[in-house]
Structures are given as structure tokens and as C-alpha cells.
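K.L.:
What follows is a structure written as C-alpha cells; I'll ask about it next.
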Amino acid sequence: MLRVLAVDDENPALEELLYLLRSDARVTSAEGATDATEALRRISRALEAGPDGEDGIDVVFLDIHMAGLTGLDVARLLAGFARPPLIVFVTAHEGFAVQAFDLKAVDYVLKPVRRERLAEAVRRVRDQVLAAREPRHPEQETAVTVPATRAPVHNTAEQIPVELGGVTRFVAVDDIAYVEAQGDYARLHTEDGSHLVRIPLSALEERWASRGFVRIHRSHLVALARIDELRLDAGATTVRVGSAELAVSRRHARQLRDLLMRHAGS
């Protein structure tokens, strides 16, 4: 059973969120706070009491845009504690999803909040809380350290959240073949389809440079390892990424060829 603190500086939104949380059988208590200062006081009291104290808080459902400290500021402050409560962001703004998951948020729910979407967020929180409470046995600890051949597991830092019909999915960055600029948005292309996120291509270029993504055009960012073919035809350079053929601008062509040669050599 979950103990919840909901934080929103707009009373109608807070009351609606509390109503939905209290109607969920997995929530044993749900209290509200109308600003970050009040929320931090309650959380500090909960941390002092310990996880089993009567003031304990398992998860904070947190708005982002608030007067004074924002929800992101609160999450950054909580990250400095040894055992902070889990965080679920509840916001009307799509553009902060990447920062939210960098801060280890369990979920990112868009307003207006739908009952079934909130129920999914509660389920994710409950799963994490139960996993943290589950006792570990010595043989389990040993098994974790034994090398094995297995598929890589992606953590939240290696994933990007995408919203599909009110449900947040997580796309592994390693599954993205290329990214296409669409105004203030970016379309992520994977083998399974494409996903639109409200993040500028320039931000992804900077963020994913260390993960092997290179800019080949003002409209495209490509995973170097996903390039199947480089073509030079009558002065025009293109690359083939799966079934897609993408133009390479002249300013990026030389750098791309050098990177591909080094990549092939390694």
C-alpha cells in the first residue's frame, strides 16, 4: 500500500489528483501540498521518521511549473538524500520529459490526468516499492556478479520517454537508427516505427554525441553504427540507414567519411 504526497500550486488540479489517487485501492494515504516549500517540509519530516514511520512517504506526484521552486528543483534536491521517495511528474508540459527521467522519475503523466493513465503510474510505483522491499538472499547476490552472455539492459539514462495515446513508453537510445528534425520536435526512427518527441534536434545532437550519433544534415542525426552504406554520386553524398536513404550536407560530408573510416578500422 502506497503513501503519497501530491504537489501542485493550483488547487483545482491538486484536488482532482488527490481524488483520483484516493480512489485507487493501492494507495493507503494521499496528502496534498500547494507549493515546493511545504512539500519539502513534509518530505524532510518523512525522511527523519524513516520508511516505517507514520509520516512516511513512498512517492511524490509532483507538478513541474510552480511559483518559486519548480518540480524539477524539488527532484534535484531530493536526489541528494540517501533514501528519497520516488517521483512521478504530473504536468501539462511535454518538453521536460528528458530532464524528468534524468532525475530518475518513475513516470511522467500529462495533464489533464486520465484515471487509467494515473493507475498505470501507480502500478509502476508499486512495482518499484515492492522490489525495494523484497529481501535479497546471498545466492542472489552471487548470481549478479557472475559474467554471462545476455542482451544489454537499458537503464533510464539510456532511454527516452515517448507519449502514445496518453501512455508513456520508453524507447532505448540504442534502438534508434536516426532522428529527423520537425520544427521544435524530433522524430525518432527505429526498426519498429517512429516516435515524435518535443525536443530540438540540436539538443539530442549534444546529448547523444558520446553514444555515436552524428549530424549529417540540418534535418538529420544518425547513429554511426546504423549506417549501412555511404554513396557519392555526382558530388552529392547520401547514406543508407536500413531502408531509408538520407542526404548528407557538404559541410558534414568530410567529417562523416572520416568518422566512418575510423569506425570501420576499430
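Letters for chains follow the order of the C-alpha cells (A, B, ...), residue numbers begin at 1 for each chain, and ligand numbers begin at 1 in the order shown.
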May I have the residues within 9 Å of stretch 1-17 of chain A as a ChimeraX atom specification, using only C-alpha atoms and disregarding those fewer than 3 positions away in the same chain?

P.N.:
/A:20-22,25-36,38-39,42-43,55-67,71,90,111-113,118,122,125-126,129

K.L.:
Show me, as an NGL selection string, the residues that have an atom within 8 Å of A:Ser249 when counting only C-alpha atoms, minus same-chain residues fewer than 2 positions from it.

P.N.:
:A and (216-218 or 237 or 247 or 251-253)

K.L.:
Select, from A:Asp258, A:Glu163, A:Asp24, A:Glu54, the residue with the minimum atom-to-atom distance to A:Leu196, counting only C-alpha atoms.

P.N.:
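Nearest to A:Leu196: A:Glu163.
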
K.L.:
Have a look at atom CA of A:Arg41 and atom CA of A:Arg114 and let me know their distance in Å, one decimal.

P.N.:
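Result for atom CA of A:Arg41 versus atom CA of A:Arg114: 28.8 Å, one decimal.
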
K.L.:
One decimal, Å: what's the distance from atom CA of A:His189 over to atom CA of A:Ala177, could you say?

P.N.:
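Going from atom CA of A:His189 over to atom CA of A:Ala177, I get 5.8 Å.
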
K.L.:
So that I can check the surroundings of A:Val179, please list as a compact mmCIF listing (two decimals) with all heavy atoms, in the first residue's frame every protein, DNA and RNA residue that reaches within 6 Å of it, counting only C-alpha atoms and ignoring chain neighbours fewer than 2 positions away.

P.N.:
# COMPACT_ATOMS: atom_id res chain seq x y z
N ARG A 187 11.64 13.47 -34.66
CA ARG A 187 11.03 12.16 -34.88
C ARG A 187 12.11 11.09 -34.78
O ARG A 187 13.08 11.11 -35.54
CB ARG A 187 10.32 12.10 -36.23
CG ARG A 187 9.59 10.77 -36.46
CD ARG A 187 8.67 10.81 -37.66
NE ARG A 187 7.53 11.70 -37.46
CZ ARG A 187 6.44 11.38 -36.78
NH1 ARG A 187 6.34 10.18 -36.19
NH2 ARG A 187 5.46 12.24 -36.66
N LEU A 188 11.92 10.17 -33.85
CA LEU A 188 12.88 9.09 -33.62
C LEU A 188 12.49 7.89 -34.49
O LEU A 188 11.37 7.41 -34.38
CB LEU A 188 12.88 8.67 -32.15
CG LEU A 188 12.90 9.79 -31.11
CD1 LEU A 188 12.81 9.21 -29.70
CD2 LEU A 188 14.15 10.65 -31.25
N HIS A 189 13.41 7.43 -35.31
CA HIS A 189 13.14 6.30 -36.19
C HIS A 189 13.83 5.04 -35.67
O HIS A 189 15.05 5.02 -35.48
CB HIS A 189 13.62 6.59 -37.62
CG HIS A 189 12.84 7.66 -38.31
ND1 HIS A 189 11.75 7.40 -39.12
CD2 HIS A 189 12.96 9.02 -38.29
CE1 HIS A 189 11.25 8.53 -39.59
NE2 HIS A 189 11.96 9.54 -39.10
N HIS A 220 18.88 15.91 -40.02
CA HIS A 220 19.05 14.51 -39.62
C HIS A 220 20.25 14.30 -38.69
O HIS A 220 21.33 14.86 -38.91
CB HIS A 220 19.23 13.61 -40.87
CG HIS A 220 17.99 13.44 -41.66
ND1 HIS A 220 17.79 14.03 -42.88
CD2 HIS A 220 16.84 12.77 -41.38
CE1 HIS A 220 16.58 13.73 -43.34
NE2 HIS A 220 16.00 12.96 -42.44
N LEU A 221 20.02 13.45 -37.72
CA LEU A 221 21.03 12.95 -36.80
C LEU A 221 21.01 11.43 -36.92
O LEU A 221 19.94 10.83 -36.85
CB LEU A 221 20.69 13.38 -35.38
CG LEU A 221 21.65 13.08 -34.24
CD1 LEU A 221 22.92 13.90 -34.40
CD2 LEU A 221 20.98 13.40 -32.89

K.L.:
From the list A:Arg207, A:Arg83, A:Arg257, A:Lys104, which residue is nearest A:Leu224 when using only C-alpha atoms?

P.N.:
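Selected residue with least distance to A:Leu224: A:Arg257.
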
K.L.:
Smallest atom-to-atom distance to A:Tyr19: which of A:Glu205, A:Ala223, A:Leu47, A:Arg115, using only C-alpha atoms?

P.N.:
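Answer, going by the shortest atom-to-atom distance: A:Arg115.
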